[in-house]
Structures are given as structure tokens and as C-alpha cells.
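Shown next: entry-v4.pdb, given as PDB, C-alpha atoms.
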```pdb
ATOM      1  CA  MET A   1       0.000   0.000   0.000
ATOM      2  CA  ASP A   2       1.362   3.371  -1.048
ATOM      3  CA  PRO A   3      -0.086   6.053   1.253
ATOM      4  CA  TYR A   4       0.496   8.768  -1.329
ATOM      5  CA  ARG A   5      -1.463   6.830  -3.923
ATOM      6  CA  GLU A   6      -4.228   5.993  -1.423
ATOM      7  CA  LEU A   7      -4.706   9.666  -0.540
ATOM      8  CA  GLN A   8      -4.059  10.782  -4.131
ATOM      9  CA  VAL A   9      -1.410  13.312  -3.132
ATOM     10  CA  ASP A  10       2.078  14.075  -4.375
ATOM     11  CA  PRO A  11       4.965  12.957  -2.138
ATOM     12  CA  ALA A  12       5.894  16.639  -1.768
ATOM     13  CA  ALA A  13       2.395  17.550  -0.513
ATOM     14  CA  CYS A  14       2.286  19.691   2.599
ATOM     15  CA  PRO A  15       0.424  18.475   5.717
ATOM     16  CA  GLN A  16      -2.571  20.689   4.922
ATOM     17  CA  VAL A  17      -2.993  19.047   1.515
ATOM     18  CA  VAL A  18      -2.730  15.577   3.082
ATOM     19  CA  GLU A  19      -5.417  16.485   5.634
ATOM     20  CA  ALA A  20      -7.716  17.964   2.996
ATOM     21  CA  ALA A  21      -7.348  14.950   0.709
ATOM     22  CA  PHE A  22      -8.027  12.570   3.586
ATOM     23  CA  ALA A  23     -11.134  14.505   4.644
ATOM     24  CA  VAL A  24     -12.600  14.517   1.138
ATOM     25  CA  LEU A  25     -11.832  10.872   0.396
ATOM     26  CA  ARG A  26     -13.055   9.729   3.817
ATOM     27  CA  GLU A  27     -16.352  11.560   3.352
ATOM     28  CA  MET A  28     -16.809  10.120  -0.129
ATOM     29  CA  THR A  29     -16.088   6.630   1.185
ATOM     30  CA  LEU A  30     -18.428   6.982   4.172
ATOM     31  CA  ARG A  31     -21.246   8.058   1.860
ATOM     32  CA  SER A  32     -20.603   5.189  -0.538
ATOM     33  CA  ASP A  33     -22.882   2.165  -0.560
ATOM     34  CA  ASP A  34     -20.185   0.140  -2.318
ATOM     35  CA  ASP A  35     -19.416  -3.230  -0.714
ATOM     36  CA  ASP A  36     -15.724  -2.299  -0.849
ATOM     37  CA  ALA A  37     -16.196   0.884   1.236
ATOM     38  CA  PRO A  38     -15.057  -0.607   4.593
ATOM     39  CA  ARG A  39     -11.821  -1.909   3.048
ATOM     40  CA  ARG A  40     -11.262   1.408   1.287
ATOM     41  CA  LEU A  41     -11.847   3.327   4.521
ATOM     42  CA  ALA A  42      -9.340   1.131   6.351
ATOM     43  CA  ARG A  43      -6.736   1.823   3.667
ATOM     44  CA  LEU A  44      -7.408   5.564   3.808
ATOM     45  CA  MET A  45      -7.043   5.569   7.581
ATOM     46  CA  ALA A  46      -3.775   3.601   7.400
ATOM     47  CA  ALA A  47      -2.399   5.989   4.777
ATOM     48  CA  HIS A  48      -3.449   8.967   6.863
ATOM     49  CA  ARG A  49      -1.740   7.532   9.966
ATOM     50  CA  ILE A  50       1.517   7.338   8.026
ATOM     51  CA  LEU A  51       1.394  10.693   6.264
ATOM     52  CA  SER A  52      -0.016  12.768   9.120
ATOM     53  CA  ASP A  53       2.768  11.807  11.540
ATOM     54  CA  PRO A  54       6.082  13.465  10.604
ATOM     55  CA  ALA A  55       8.203  10.608  12.002
ATOM     56  CA  ARG A  56       6.167   7.887  10.252
ATOM     57  CA  ARG A  57       6.154   9.851   7.019
ATOM     58  CA  ALA A  58       9.932  10.319   7.171
ATOM     59  CA  ALA A  59      10.383   6.594   7.840
ATOM     60  CA  TRP A  60       8.119   5.722   4.897
ATOM     61  CA  ASP A  61       9.965   8.135   2.600
ATOM     62  CA  ALA A  62      13.355   6.743   3.673
ATOM     63  CA  ALA A  63      12.398   3.079   3.169
ATOM     64  CA  PRO A  64      12.991   1.499  -0.236
ATOM     65  CA  GLN A  65       9.677   1.030  -2.052
ATOM     66  CA  ASP A  66       8.799  -1.851  -4.355
ATOM     67  CA  GLY A  67       7.838  -1.003  -7.881
TER      68      GLY A  67
END
```

Could you express the structure from this file as C-alpha cells?
Amino acid sequence: MDPYRELQVDPAACPQVVEAAFAVLREMTLRSDDDDAPRRLARLMAAHRILSDPARRAAWDAAPQDG
């Protein structure tokens, strides 16, 4: 799971952009009647946990990524 892809933000995005993207995507997911909504919400929350915490975000950015 790539938190930047999940939240649809650029890796250089500032914290305010990350928060705004999370809020919009979370609201869209909560309003969805799609069967996949709970899984999608869990992924959004996990991505937000990583990108909203400066230490976790730095660790993610420093780790080698597959792909």
C-alpha cells in the first residue's frame, strides 16, 4: 500500500494538503454504498496515519519502495 497513492497526493504535498485529501476521500467513502467501502476506509485511515505523523512519514519516505 502506497499512502500517497491511497490519498491521491504528491509525495511533496504539505500536511494541509494531506489532511484535505483525507477529509474529502473519507467523506466520499463513508457516503458510498459500495461493498468495498469498509476496506477502502481502512486503507485511507492507514495511509493517513503514516502521512499525518512526521516521524512515520519520514520513515516511509526513507524506506525502499517496491515497484

To one decimal in Å, tell me the separation between atom CA of Pro64 of chain A and atom CA of Arg5 of chain A.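 Computed distance, atom CA of Pro64 of chain A to atom CA of Arg5 of chain A, equals 15.8 Å.
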
At a cut-off of 10 Å, using all atoms listed in the file, what residues contact segment 13-15 of chain A? Leave out same-chain residues fewer than 3 positions from it and give the result as a PDB file with C-alpha atoms, in the frame of the given file.
```
ATOM      1  CA  TYR A   4       0.496   8.768  -1.329  1.00  0.00           C
ATOM      2  CA  VAL A   9      -1.410  13.312  -3.132  1.00  0.00           C
ATOM      3  CA  ASP A  10       2.078  14.075  -4.375  1.00  0.00           C
ATOM      4  CA  VAL A  18      -2.730  15.577   3.082  1.00  0.00           C
ATOM      5  CA  GLU A  19      -5.417  16.485   5.634  1.00  0.00           C
ATOM      6  CA  ALA A  20      -7.716  17.964   2.996  1.00  0.00           C
ATOM      7  CA  ALA A  21      -7.348  14.950   0.709  1.00  0.00           C
ATOM      8  CA  LEU A  51       1.394  10.693   6.264  1.00  0.00           C
ATOM      9  CA  SER A  52      -0.016  12.768   9.120  1.00  0.00           C
ATOM     10  CA  ASP A  53       2.768  11.807  11.540  1.00  0.00           C
ATOM     11  CA  PRO A  54       6.082  13.465  10.604  1.00  0.00           C
TER      12      PRO A  54
END
```

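Atom CA of Thr29 of chain A to atom CA of Pro3 of chain A spans 16.0 Å [interatomic distance, one decimal].
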
If you measure from atom CA of Arg49 of chain A to atom CA of Arg31 of chain A, what distance in Å do you get, rounded to one decimal?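 That distance, rounded to one decimal, is 21.1 Å.
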
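Comparing the minimum interatomic distances between Arg26 of chain A and each of A:Ile50, A:Ala58, A:Leu7, A:Ala12, counting all atoms listed in the file, we find that A:Leu7 sits nearest.
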
Considering all atoms listed in the file, state which residue in the set A:Asp61, A:Asp66, A:Phe22, A:Arg56 is at the smallest distance from Arg40 of chain A. A:Phe22
